[in-house]
$ cat upload_28.cif   # mmCIF, N, CA, C and O atoms
data_run
loop_
_atom_site.label_atom_id
_atom_site.label_comp_id
_atom_site.auth_asym_id
_atom_site.auth_seq_id
_atom_site.Cartn_x
_atom_site.Cartn_y
_atom_site.Cartn_z
N MET A 8 182.59 7.97 8.19
CA MET A 8 182.12 9.22 8.76
C MET A 8 182.65 9.36 10.18
O MET A 8 182.65 8.41 10.96
N LYS A 9 183.12 10.57 10.49
CA LYS A 9 183.60 10.86 11.83
C LYS A 9 182.71 11.95 12.42
O LYS A 9 182.52 12.99 11.80
N PRO A 10 182.18 11.71 13.61
CA PRO A 10 181.32 12.73 14.21
C PRO A 10 182.11 13.97 14.62
O PRO A 10 183.25 13.87 15.08
N ALA A 11 181.49 15.11 14.44
CA ALA A 11 182.08 16.38 14.87
C ALA A 11 181.75 16.57 16.35
O ALA A 11 180.60 16.51 16.76
N VAL A 12 182.80 16.78 17.13
CA VAL A 12 182.64 17.06 18.55
C VAL A 12 183.10 18.50 18.77
O VAL A 12 184.28 18.80 18.61
N LEU A 13 182.15 19.36 19.10
CA LEU A 13 182.47 20.78 19.29
C LEU A 13 183.00 21.02 20.70
O LEU A 13 182.38 20.59 21.68
N ARG A 14 184.14 21.67 20.75
CA ARG A 14 184.64 22.11 22.05
C ARG A 14 183.68 23.18 22.57
O ARG A 14 182.97 23.82 21.80
N PRO A 15 183.68 23.40 23.87
CA PRO A 15 182.77 24.41 24.42
C PRO A 15 182.90 25.78 23.74
O PRO A 15 181.90 26.45 23.49
N GLN A 16 184.13 26.19 23.42
CA GLN A 16 184.31 27.49 22.78
C GLN A 16 183.71 27.50 21.38
O GLN A 16 183.13 28.49 20.95
N ALA A 17 183.82 26.40 20.65
CA ALA A 17 183.22 26.33 19.30
C ALA A 17 181.70 26.44 19.39
O ALA A 17 181.08 27.12 18.56
N LEU A 18 181.13 25.81 20.38
CA LEU A 18 179.68 25.92 20.58
C LEU A 18 179.29 27.35 20.94
O LEU A 18 178.32 27.89 20.40
N ARG A 19 180.07 27.97 21.81
CA ARG A 19 179.80 29.38 22.15
C ARG A 19 179.95 30.28 20.93
O ARG A 19 179.18 31.21 20.73
N ASP A 20 180.95 29.98 20.09
CA ASP A 20 181.13 30.75 18.86
C ASP A 20 179.90 30.65 17.97
O ASP A 20 179.40 31.66 17.46
N GLN A 21 179.40 29.43 17.80
CA GLN A 21 178.23 29.24 16.94
C GLN A 21 177.02 29.97 17.52
O GLN A 21 176.30 30.67 16.80
N GLN A 22 176.81 29.84 18.80
CA GLN A 22 175.68 30.52 19.44
C GLN A 22 175.82 32.05 19.32
O GLN A 22 174.84 32.75 19.08
N GLY A 23 177.03 32.54 19.46
CA GLY A 23 177.27 33.97 19.33
C GLY A 23 176.99 34.48 17.92
O GLY A 23 176.42 35.57 17.74
N GLU A 24 177.36 33.70 16.92
CA GLU A 24 177.09 34.09 15.53
C GLU A 24 175.58 34.11 15.27
O GLU A 24 175.07 35.02 14.61
N VAL A 25 174.88 33.14 15.80
CA VAL A 25 173.42 33.11 15.62
C VAL A 25 172.79 34.34 16.27
O VAL A 25 171.94 35.01 15.67
N ARG A 26 173.22 34.66 17.48
CA ARG A 26 172.71 35.87 18.15
C ARG A 26 173.02 37.13 17.35
O ARG A 26 172.16 38.00 17.19
N TYR A 27 174.24 37.23 16.86
CA TYR A 27 174.64 38.40 16.08
C TYR A 27 173.77 38.55 14.83
O TYR A 27 173.24 39.63 14.57
N TYR A 28 173.61 37.47 14.07
CA TYR A 28 172.83 37.55 12.84
C TYR A 28 171.34 37.78 13.12
O TYR A 28 170.66 38.44 12.34
N ARG A 29 170.85 37.26 14.23
CA ARG A 29 169.45 37.53 14.61
C ARG A 29 169.26 39.01 14.91
O ARG A 29 168.31 39.64 14.46
N LYS A 30 170.21 39.58 15.64
CA LYS A 30 170.14 41.00 15.98
C LYS A 30 170.26 41.87 14.73
O LYS A 30 169.51 42.83 14.56
N GLU A 31 171.18 41.55 13.86
CA GLU A 31 171.45 42.38 12.69
C GLU A 31 170.51 42.11 11.51
O GLU A 31 170.23 43.01 10.74
N GLY A 32 170.05 40.86 11.37
CA GLY A 32 169.27 40.52 10.18
C GLY A 32 167.92 39.90 10.44
O GLY A 32 167.17 39.63 9.50
N GLY A 33 167.61 39.60 11.70
CA GLY A 33 166.33 39.02 12.03
C GLY A 33 166.36 37.50 12.15
O GLY A 33 167.37 36.85 11.91
N ALA A 34 165.23 36.96 12.53
CA ALA A 34 165.11 35.53 12.81
C ALA A 34 165.39 34.66 11.59
O ALA A 34 166.02 33.60 11.71
N ARG A 35 164.92 35.08 10.43
CA ARG A 35 165.14 34.25 9.23
C ARG A 35 166.62 34.11 8.91
O ARG A 35 167.08 33.04 8.53
N VAL A 36 167.36 35.19 9.06
CA VAL A 36 168.80 35.13 8.80
C VAL A 36 169.47 34.24 9.84
O VAL A 36 170.35 33.44 9.51
N ALA A 37 169.05 34.35 11.08
CA ALA A 37 169.62 33.51 12.14
C ALA A 37 169.38 32.03 11.85
O ALA A 37 170.28 31.20 12.04
N VAL A 38 168.20 31.69 11.37
CA VAL A 38 167.90 30.29 11.01
C VAL A 38 168.81 29.84 9.87
O VAL A 38 169.32 28.71 9.87
N ARG A 39 169.05 30.73 8.91
CA ARG A 39 169.95 30.39 7.80
C ARG A 39 171.37 30.13 8.30
O ARG A 39 172.05 29.24 7.82
N VAL A 40 171.80 30.89 9.30
CA VAL A 40 173.13 30.67 9.88
C VAL A 40 173.20 29.31 10.54
O VAL A 40 174.17 28.56 10.36
N VAL A 41 172.18 28.96 11.31
CA VAL A 41 172.15 27.65 11.97
C VAL A 41 172.23 26.54 10.92
O VAL A 41 173.05 25.62 11.03
N LYS A 42 171.40 26.64 9.90
CA LYS A 42 171.39 25.60 8.85
C LYS A 42 172.72 25.53 8.12
O LYS A 42 173.24 24.44 7.86
N ALA A 43 173.30 26.69 7.80
CA ALA A 43 174.56 26.72 7.05
C ALA A 43 175.73 26.18 7.88
O ALA A 43 176.56 25.42 7.37
N THR A 44 175.79 26.55 9.16
CA THR A 44 176.89 26.06 9.99
C THR A 44 176.76 24.56 10.22
O THR A 44 177.75 23.83 10.17
N ASN A 45 175.55 24.08 10.41
CA ASN A 45 175.34 22.64 10.58
C ASN A 45 175.62 21.87 9.30
O ASN A 45 176.18 20.77 9.32
N ALA A 46 175.24 22.44 8.16
CA ALA A 46 175.52 21.78 6.86
C ALA A 46 177.02 21.69 6.64
O ALA A 46 177.52 20.67 6.11
N ALA A 47 177.76 22.72 7.01
CA ALA A 47 179.22 22.69 6.87
C ALA A 47 179.82 21.58 7.75
O ALA A 47 180.73 20.86 7.32
N LEU A 48 179.31 21.45 8.97
CA LEU A 48 179.78 20.36 9.83
C LEU A 48 179.45 19.00 9.22
O LEU A 48 180.28 18.08 9.26
N ASP A 49 178.26 18.87 8.64
CA ASP A 49 177.89 17.61 7.98
C ASP A 49 178.88 17.27 6.88
O ASP A 49 179.27 16.11 6.72
N GLN A 50 179.30 18.28 6.12
CA GLN A 50 180.24 18.05 5.02
C GLN A 50 181.58 17.54 5.53
O GLN A 50 182.13 16.60 4.97
N ILE A 51 182.10 18.16 6.58
CA ILE A 51 183.41 17.71 7.06
C ILE A 51 183.32 16.38 7.80
O ILE A 51 184.29 15.63 7.83
N GLU A 52 182.15 16.06 8.36
CA GLU A 52 181.99 14.74 8.96
C GLU A 52 182.10 13.65 7.88
O GLU A 52 182.69 12.60 8.11
N LEU A 53 181.54 13.91 6.73
CA LEU A 53 181.57 12.94 5.63
C LEU A 53 182.93 12.84 4.97
O LEU A 53 183.33 11.78 4.49
N ASP A 54 183.66 13.97 4.92
CA ASP A 54 184.96 14.00 4.25
C ASP A 54 185.90 14.92 5.02
O ASP A 54 186.10 16.07 4.65
N PRO A 55 186.47 14.42 6.12
CA PRO A 55 187.28 15.27 6.99
C PRO A 55 188.46 15.96 6.29
O PRO A 55 188.85 17.05 6.67
N GLY A 56 189.00 15.33 5.27
CA GLY A 56 190.14 15.90 4.57
C GLY A 56 189.79 17.05 3.66
O GLY A 56 190.67 17.66 3.05
N ILE A 57 188.51 17.39 3.57
CA ILE A 57 188.05 18.44 2.68
C ILE A 57 188.52 19.83 3.14
O ILE A 57 188.70 20.74 2.33
N GLY A 58 188.75 19.99 4.41
CA GLY A 58 189.16 21.29 4.95
C GLY A 58 190.58 21.65 4.54
O GLY A 58 191.43 20.79 4.34
N SER A 59 190.83 22.92 4.46
CA SER A 59 192.15 23.41 4.06
C SER A 59 193.14 23.37 5.22
O SER A 59 192.83 23.85 6.31
N PRO A 60 194.36 22.87 4.97
CA PRO A 60 195.40 22.88 5.99
C PRO A 60 196.27 24.14 5.95
O PRO A 60 197.18 24.30 6.75
N VAL A 61 195.99 25.07 5.03
CA VAL A 61 196.86 26.22 4.81
C VAL A 61 197.03 27.07 6.06
O VAL A 61 198.15 27.42 6.45
N LEU A 62 195.95 27.45 6.72
CA LEU A 62 196.04 28.30 7.89
C LEU A 62 196.84 27.62 9.00
O LEU A 62 197.68 28.25 9.64
N GLY A 63 196.58 26.35 9.22
CA GLY A 63 197.33 25.62 10.24
C GLY A 63 198.81 25.61 9.95
O GLY A 63 199.64 25.79 10.85
N LYS A 64 199.18 25.43 8.69
CA LYS A 64 200.60 25.45 8.32
C LYS A 64 201.20 26.83 8.54
O LYS A 64 202.31 26.97 9.05
N ARG A 65 200.47 27.87 8.13
CA ARG A 65 200.96 29.25 8.31
C ARG A 65 201.18 29.59 9.78
O ARG A 65 202.10 30.32 10.13
N LEU A 66 200.30 29.08 10.63
CA LEU A 66 200.38 29.40 12.06
C LEU A 66 201.25 28.42 12.85
O LEU A 66 201.44 28.59 14.04
N GLY A 67 201.73 27.38 12.18
CA GLY A 67 202.52 26.38 12.88
C GLY A 67 201.70 25.53 13.83
O GLY A 67 202.19 25.12 14.88
N ILE A 68 200.44 25.28 13.45
CA ILE A 68 199.56 24.43 14.26
C ILE A 68 199.30 23.16 13.46
O ILE A 68 198.41 23.11 12.62
N PRO A 69 200.11 22.13 13.69
CA PRO A 69 199.99 20.90 12.90
C PRO A 69 198.60 20.29 12.97
O PRO A 69 198.01 20.16 14.05
N GLY A 70 198.08 19.94 11.81
CA GLY A 70 196.80 19.24 11.73
C GLY A 70 195.57 20.13 11.70
O GLY A 70 194.46 19.64 11.47
N LEU A 71 195.72 21.42 11.95
CA LEU A 71 194.57 22.31 11.93
C LEU A 71 194.04 22.46 10.51
O LEU A 71 194.81 22.71 9.58
N ARG A 72 192.74 22.30 10.35
CA ARG A 72 192.08 22.49 9.06
C ARG A 72 190.94 23.49 9.24
O ARG A 72 190.40 23.63 10.33
N THR A 73 190.58 24.14 8.13
CA THR A 73 189.45 25.07 8.16
C THR A 73 188.50 24.74 7.02
O THR A 73 188.91 24.26 5.96
N TRP A 74 187.23 25.03 7.27
CA TRP A 74 186.19 24.82 6.25
C TRP A 74 185.21 25.97 6.31
O TRP A 74 184.68 26.28 7.37
N GLN A 75 184.99 26.60 5.18
CA GLN A 75 184.11 27.76 5.12
C GLN A 75 182.65 27.36 5.15
O GLN A 75 182.24 26.38 4.52
N VAL A 76 181.87 28.14 5.85
CA VAL A 76 180.42 27.99 5.89
C VAL A 76 179.86 28.68 4.65
O VAL A 76 180.15 29.84 4.40
N ALA A 77 179.05 27.96 3.88
CA ALA A 77 178.49 28.50 2.64
C ALA A 77 177.64 29.74 2.92
O ALA A 77 176.83 29.77 3.85
N LYS A 78 177.85 30.78 2.12
CA LYS A 78 177.07 32.01 2.11
C LYS A 78 177.26 32.90 3.34
O LYS A 78 176.54 33.87 3.51
N PHE A 79 178.20 32.55 4.21
CA PHE A 79 178.50 33.37 5.38
C PHE A 79 180.02 33.45 5.53
O PHE A 79 180.72 32.47 5.23
N PRO A 80 180.54 34.56 6.02
CA PRO A 80 181.99 34.70 6.19
C PRO A 80 182.48 34.06 7.49
O PRO A 80 183.04 34.71 8.36
N LEU A 81 182.25 32.75 7.59
CA LEU A 81 182.58 32.01 8.79
C LEU A 81 183.41 30.78 8.44
O LEU A 81 183.19 30.15 7.39
N LEU A 82 184.33 30.42 9.33
CA LEU A 82 185.18 29.24 9.13
C LEU A 82 185.11 28.34 10.35
O LEU A 82 185.30 28.80 11.48
N TRP A 83 184.87 27.05 10.10
CA TRP A 83 185.03 26.06 11.16
C TRP A 83 186.51 25.71 11.20
O TRP A 83 187.13 25.48 10.17
N CYS A 84 187.09 25.62 12.38
CA CYS A 84 188.48 25.23 12.59
C CYS A 84 188.47 23.92 13.36
O CYS A 84 187.83 23.83 14.42
N TYR A 85 189.17 22.92 12.82
CA TYR A 85 189.08 21.59 13.43
C TYR A 85 190.33 20.76 13.20
O TYR A 85 191.16 21.08 12.35
N PHE A 86 190.43 19.70 13.99
CA PHE A 86 191.47 18.69 13.83
C PHE A 86 190.79 17.36 13.56
O PHE A 86 189.76 17.05 14.18
N GLU A 87 191.35 16.56 12.70
CA GLU A 87 190.84 15.22 12.48
C GLU A 87 191.55 14.28 13.46
O GLU A 87 192.77 14.20 13.48
N ARG A 88 190.78 13.63 14.28
CA ARG A 88 191.31 12.66 15.23
C ARG A 88 190.97 11.26 14.71
O ARG A 88 190.25 11.10 13.73
N ALA A 89 191.45 10.25 15.38
CA ALA A 89 191.24 8.87 14.91
C ALA A 89 189.76 8.52 14.80
O ALA A 89 189.35 7.86 13.84
N ASP A 90 188.95 8.97 15.76
CA ASP A 90 187.55 8.55 15.79
C ASP A 90 186.54 9.69 15.74
O ASP A 90 185.35 9.46 15.85
N HIS A 91 187.02 10.94 15.62
CA HIS A 91 186.10 12.09 15.59
C HIS A 91 186.79 13.31 15.02
O HIS A 91 188.00 13.30 14.79
N LEU A 92 186.02 14.36 14.83
CA LEU A 92 186.56 15.66 14.45
C LEU A 92 186.52 16.54 15.69
O LEU A 92 185.47 16.71 16.32
N ASP A 93 187.66 17.07 16.04
CA ASP A 93 187.81 17.95 17.20
C ASP A 93 187.62 19.38 16.69
O ASP A 93 188.55 20.00 16.17
N VAL A 94 186.40 19.90 16.83
CA VAL A 94 186.07 21.22 16.30
C VAL A 94 186.38 22.25 17.39
O VAL A 94 185.75 22.25 18.44
N VAL A 95 187.36 23.10 17.08
CA VAL A 95 187.87 23.99 18.11
C VAL A 95 187.24 25.38 18.09
O VAL A 95 187.06 26.00 19.14
N ARG A 96 186.91 25.91 16.93
CA ARG A 96 186.36 27.27 16.84
C ARG A 96 185.50 27.44 15.60
O ARG A 96 185.65 26.72 14.62
N LEU A 97 184.62 28.42 15.66
CA LEU A 97 183.90 28.95 14.50
C LEU A 97 184.24 30.43 14.51
O LEU A 97 183.85 31.16 15.42
N LEU A 98 185.01 30.87 13.51
CA LEU A 98 185.51 32.24 13.50
C LEU A 98 185.06 32.98 12.26
O LEU A 98 184.94 32.39 11.18
N GLY A 99 184.86 34.26 12.42
CA GLY A 99 184.52 35.12 11.29
C GLY A 99 185.77 35.44 10.50
O GLY A 99 186.84 35.66 11.07
N GLU A 100 185.64 35.49 9.19
CA GLU A 100 186.79 35.75 8.34
C GLU A 100 187.41 37.12 8.59
O GLU A 100 188.57 37.34 8.27
N ARG A 101 186.65 38.04 9.14
CA ARG A 101 187.19 39.38 9.41
C ARG A 101 187.82 39.49 10.78
O ARG A 101 188.39 40.52 11.12
N GLN A 102 187.74 38.44 11.57
CA GLN A 102 188.40 38.44 12.86
C GLN A 102 189.90 38.22 12.63
O GLN A 102 190.32 37.74 11.58
N ASP A 103 190.69 38.52 13.62
CA ASP A 103 192.13 38.27 13.55
C ASP A 103 192.36 36.81 13.93
O ASP A 103 192.75 36.48 15.05
N ILE A 104 192.09 35.95 12.98
CA ILE A 104 192.13 34.50 13.21
C ILE A 104 193.51 34.05 13.67
O ILE A 104 193.65 33.24 14.58
N ALA A 105 194.55 34.59 13.04
CA ALA A 105 195.92 34.19 13.39
C ALA A 105 196.21 34.47 14.87
O ALA A 105 196.76 33.63 15.57
N THR A 106 195.80 35.63 15.34
CA THR A 106 196.04 35.98 16.74
C THR A 106 195.19 35.11 17.67
O THR A 106 195.69 34.58 18.66
N ILE A 107 193.92 34.95 17.33
CA ILE A 107 193.02 34.15 18.17
C ILE A 107 193.54 32.73 18.32
O ILE A 107 193.68 32.21 19.43
N LEU A 108 193.84 32.09 17.21
CA LEU A 108 194.30 30.69 17.27
C LEU A 108 195.72 30.59 17.79
O LEU A 108 196.05 29.65 18.51
N GLY A 109 196.55 31.57 17.45
CA GLY A 109 197.92 31.56 17.94
C GLY A 109 197.99 31.61 19.46
O GLY A 109 198.69 30.84 20.09
N VAL A 110 197.19 32.50 20.03
CA VAL A 110 197.15 32.61 21.51
C VAL A 110 196.56 31.33 22.10
O VAL A 110 197.09 30.80 23.07
N GLU A 111 195.51 30.84 21.49
CA GLU A 111 194.84 29.65 22.03
C GLU A 111 195.74 28.43 22.02
O GLU A 111 195.75 27.65 22.97
N PHE A 112 196.51 28.26 20.96
CA PHE A 112 197.31 27.03 20.85
C PHE A 112 198.73 27.16 21.35
O PHE A 112 199.39 26.17 21.57
N THR A 113 199.23 28.37 21.57
CA THR A 113 200.54 28.51 22.19
C THR A 113 200.40 28.52 23.70
O THR A 113 201.33 28.23 24.41
N ALA A 114 199.19 28.86 24.18
CA ALA A 114 198.93 28.85 25.62
C ALA A 114 198.65 27.45 26.13
O ALA A 114 198.74 27.20 27.31
N SER A 115 198.30 26.53 25.21
CA SER A 115 197.94 25.17 25.63
C SER A 115 199.15 24.35 25.98
O SER A 115 200.17 24.41 25.42
#
$ encode --input "upload_28.cif" --output "structure tokens"
Amino acid sequence: MKPAVLRPQALRDQQGEVRYYRKEGGARVAVRVVKATNAALDQIELDPGIGSPVLGKRLGIPGLRTWQVAKFPLLWCYFERADHLDVVRLLGERQDIATILGVEFTAS
């Protein structure tokens, strides 16, 4: 098992999604988002290779993997490191993920 270490932006993304769902759907939906995003992180901690490398390959970002959050249109974006998972973002499937990640990783 490799612990998931969320970058500050990934944590802000998660908090923003919880706020959004609380505003749009109420407290119960927000709690479901918290549970679902944390459960998805638990899954990738247990099996880091479970995430898809397709988006990373398409964008030319070596090692980037994505894992969908169950029942929500959200994707965790992460890299598997030797001793942890480097979780870089939590993005909505309707966002322009290619542009967001492309700018983030070409600027680095």
$ closest_atom_pairs --input "upload_28.cif" --of "segment 20-81 of chain A" --to "segment 9-16 of chain A" --cutoff "7 Å" --atoms "all atoms listed in the file" --output "JSON lines"
{"residue": "A:Asp20", "atom": "N", "partner": "A:Gln16", "partner_atom": "O", "distance": 2.8}
{"residue": "A:Gln21", "atom": "N", "partner": "A:Gln16", "partner_atom": "O", "distance": 5.0}
{"residue": "A:Gln22", "atom": "N", "partner": "A:Gln16", "partner_atom": "O", "distance": 6.8}
{"residue": "A:Leu48", "atom": "O", "partner": "A:Ala11", "partner_atom": "N", "distance": 6.1}
{"residue": "A:Asp49", "atom": "O", "partner": "A:Lys9", "partner_atom": "O", "distance": 6.8}
{"residue": "A:Ile51", "atom": "O", "partner": "A:Lys9", "partner_atom": "O", "distance": 5.1}
{"residue": "A:Glu52", "atom": "O", "partner": "A:Lys9", "partner_atom": "N", "distance": 3.2}
{"residue": "A:Leu53", "atom": "N", "partner": "A:Lys9", "partner_atom": "O", "distance": 5.2}
{"residue": "A:Asp54", "atom": "N", "partner": "A:Lys9", "partner_atom": "N", "distance": 6.5}
{"residue": "A:Pro55", "atom": "N", "partner": "A:Lys9", "partner_atom": "N", "distance": 6.7}
$ resolve_selection --input "upload_28.cif" --expression "the PyMOL selection byres (((chain A and resi 76 and name CA) around 12) and name CA)" --output "VMD selection string"
chain A and resid 21 24 39 to 51 58 73 to 75 77 to 84 97 to 100
$ write_last_selection --input "upload_28.cif" --atoms "N, CA, C and O atoms" --output "compact mmCIF listing (two decimals), in the coordinates of the input"
# COMPACT_ATOMS: atom_id res chain seq x y z
N GLN A 21 179.40 29.43 17.80
CA GLN A 21 178.23 29.24 16.94
C GLN A 21 177.02 29.97 17.52
O GLN A 21 176.30 30.67 16.80
N GLU A 24 177.36 33.70 16.92
CA GLU A 24 177.09 34.09 15.53
C GLU A 24 175.58 34.11 15.27
O GLU A 24 175.07 35.02 14.61
N ARG A 39 169.05 30.73 8.91
CA ARG A 39 169.95 30.39 7.80
C ARG A 39 171.37 30.13 8.30
O ARG A 39 172.05 29.24 7.82
N VAL A 40 171.80 30.89 9.30
CA VAL A 40 173.13 30.67 9.88
C VAL A 40 173.20 29.31 10.54
O VAL A 40 174.17 28.56 10.36
N VAL A 41 172.18 28.96 11.31
CA VAL A 41 172.15 27.65 11.97
C VAL A 41 172.23 26.54 10.92
O VAL A 41 173.05 25.62 11.03
N LYS A 42 171.40 26.64 9.90
CA LYS A 42 171.39 25.60 8.85
C LYS A 42 172.72 25.53 8.12
O LYS A 42 173.24 24.44 7.86
N ALA A 43 173.30 26.69 7.80
CA ALA A 43 174.56 26.72 7.05
C ALA A 43 175.73 26.18 7.88
O ALA A 43 176.56 25.42 7.37
N THR A 44 175.79 26.55 9.16
CA THR A 44 176.89 26.06 9.99
C THR A 44 176.76 24.56 10.22
O THR A 44 177.75 23.83 10.17
N ASN A 45 175.55 24.08 10.41
CA ASN A 45 175.34 22.64 10.58
C ASN A 45 175.62 21.87 9.30
O ASN A 45 176.18 20.77 9.32
N ALA A 46 175.24 22.44 8.16
CA ALA A 46 175.52 21.78 6.86
C ALA A 46 177.02 21.69 6.64
O ALA A 46 177.52 20.67 6.11
N ALA A 47 177.76 22.72 7.01
CA ALA A 47 179.22 22.69 6.87
C ALA A 47 179.82 21.58 7.75
O ALA A 47 180.73 20.86 7.32
N LEU A 48 179.31 21.45 8.97
CA LEU A 48 179.78 20.36 9.83
C LEU A 48 179.45 19.00 9.22
O LEU A 48 180.28 18.08 9.26
N ASP A 49 178.26 18.87 8.64
CA ASP A 49 177.89 17.61 7.98
C ASP A 49 178.88 17.27 6.88
O ASP A 49 179.27 16.11 6.72
N GLN A 50 179.30 18.28 6.12
CA GLN A 50 180.24 18.05 5.02
C GLN A 50 181.58 17.54 5.53
O GLN A 50 182.13 16.60 4.97
N ILE A 51 182.10 18.16 6.58
CA ILE A 51 183.41 17.71 7.06
C ILE A 51 183.32 16.38 7.80
O ILE A 51 184.29 15.63 7.83
N GLY A 58 188.75 19.99 4.41
CA GLY A 58 189.16 21.29 4.95
C GLY A 58 190.58 21.65 4.54
O GLY A 58 191.43 20.79 4.34
N THR A 73 190.58 24.14 8.13
CA THR A 73 189.45 25.07 8.16
C THR A 73 188.50 24.74 7.02
O THR A 73 188.91 24.26 5.96
N TRP A 74 187.23 25.03 7.27
CA TRP A 74 186.19 24.82 6.25
C TRP A 74 185.21 25.97 6.31
O TRP A 74 184.68 26.28 7.37
N GLN A 75 184.99 26.60 5.18
CA GLN A 75 184.11 27.76 5.12
C GLN A 75 182.65 27.36 5.15
O GLN A 75 182.24 26.38 4.52
N ALA A 77 179.05 27.96 3.88
CA ALA A 77 178.49 28.50 2.64
C ALA A 77 177.64 29.74 2.92
O ALA A 77 176.83 29.77 3.85
N LYS A 78 177.85 30.78 2.12
CA LYS A 78 177.07 32.01 2.11
C LYS A 78 177.26 32.90 3.34
O LYS A 78 176.54 33.87 3.51
N PHE A 79 178.20 32.55 4.21
CA PHE A 79 178.50 33.37 5.38
C PHE A 79 180.02 33.45 5.53
O PHE A 79 180.72 32.47 5.23
N PRO A 80 180.54 34.56 6.02
CA PRO A 80 181.99 34.70 6.19
C PRO A 80 182.48 34.06 7.49
O PRO A 80 183.04 34.71 8.36
N LEU A 81 182.25 32.75 7.59
CA LEU A 81 182.58 32.01 8.79
C LEU A 81 183.41 30.78 8.44
O LEU A 81 183.19 30.15 7.39
N LEU A 82 184.33 30.42 9.33
CA LEU A 82 185.18 29.24 9.13
C LEU A 82 185.11 28.34 10.35
O LEU A 82 185.30 28.80 11.48
N TRP A 83 184.87 27.05 10.10
CA TRP A 83 185.03 26.06 11.16
C TRP A 83 186.51 25.71 11.20
O TRP A 83 187.13 25.48 10.17
N CYS A 84 187.09 25.62 12.38
CA CYS A 84 188.48 25.23 12.59
C CYS A 84 188.47 23.92 13.36
O CYS A 84 187.83 23.83 14.42
N LEU A 97 184.62 28.42 15.66
CA LEU A 97 183.90 28.95 14.50
C LEU A 97 184.24 30.43 14.51
O LEU A 97 183.85 31.16 15.42
N LEU A 98 185.01 30.87 13.51
CA LEU A 98 185.51 32.24 13.50
C LEU A 98 185.06 32.98 12.26
O LEU A 98 184.94 32.39 11.18
N GLY A 99 184.86 34.26 12.42
CA GLY A 99 184.52 35.12 11.29
C GLY A 99 185.77 35.44 10.50
O GLY A 99 186.84 35.66 11.07
N GLU A 100 185.64 35.49 9.19
CA GLU A 100 186.79 35.75 8.34
C GLU A 100 187.41 37.12 8.59
O GLU A 100 188.57 37.34 8.27
$ residues_around --input "upload_28.cif" --residues "Gly70 of chain A" --least-positions-apart "4" --cutoff "8 Å" --atoms "only C-alpha atoms" --output "short mmCIF file (atom, residue, chain, number, x, y, z; two decimals) with N, CA, C and O atoms, in the coordinates of the input"
data_model
loop_
_atom_site.label_atom_id
_atom_site.label_comp_id
_atom_site.auth_asym_id
_atom_site.auth_seq_id
_atom_site.Cartn_x
_atom_site.Cartn_y
_atom_site.Cartn_z
N PRO A 60 194.36 22.87 4.97
CA PRO A 60 195.40 22.88 5.99
C PRO A 60 196.27 24.14 5.95
O PRO A 60 197.18 24.30 6.75
N GLY A 63 196.58 26.35 9.22
CA GLY A 63 197.33 25.62 10.24
C GLY A 63 198.81 25.61 9.95
O GLY A 63 199.64 25.79 10.85
N PHE A 86 190.43 19.70 13.99
CA PHE A 86 191.47 18.69 13.83
C PHE A 86 190.79 17.36 13.56
O PHE A 86 189.76 17.05 14.18
N GLU A 87 191.35 16.56 12.70
CA GLU A 87 190.84 15.22 12.48
C GLU A 87 191.55 14.28 13.46
O GLU A 87 192.77 14.20 13.48
#
$ select_by_dssp --input "upload_28.cif" --residues "chain A" --states "strand (DSSP E)" --output "list in words"
Ala11, Val12, Leu13, Leu71, Arg72, Thr73, Trp74, Gln75, Leu81, Leu82, Trp83, Cys84, Tyr85, Phe86, Glu87, Leu92, Asp93, Val94, Val95, Arg96, Leu97, Leu98 and Gly99 of chain A
$ atom_distance --input "upload_28.cif" --atom1 "atom O of Met8 of chain A" --atom2 "atom O of Asp90 of chain A"
5.7 Å
$ resolve_selection --input "upload_28.cif" --expression "the PyMOL selection byres ((chain A and resi 66) around 8)" --output "ChimeraX atom specification"
/A:60-65,67-69,105,108-109,112-113
$ atom_distance --input "upload_28.cif" --atom1 "atom CA of Glu111 of chain A" --atom2 "atom CA of His91 of chain A"
20.6 Å
$ atom_distance --input "upload_28.cif" --atom1 "atom C of Gly23 of chain A" --atom2 "atom C of Ile104 of chain A"
17.1 Å
$ select_by_dssp --input "upload_28.cif" --residues "chain A" --states "alpha helix (DSSP H)" --output "PyMOL selection string"
chain A and resi 15-32+34-53+61-66+104-113
$ closest_residue --input "upload_28.cif" --among "A:Ile57, A:Ala34, A:Arg26, A:Arg72" --to "Val94 of chain A" --atoms "all atoms listed in the file"
A:Arg72
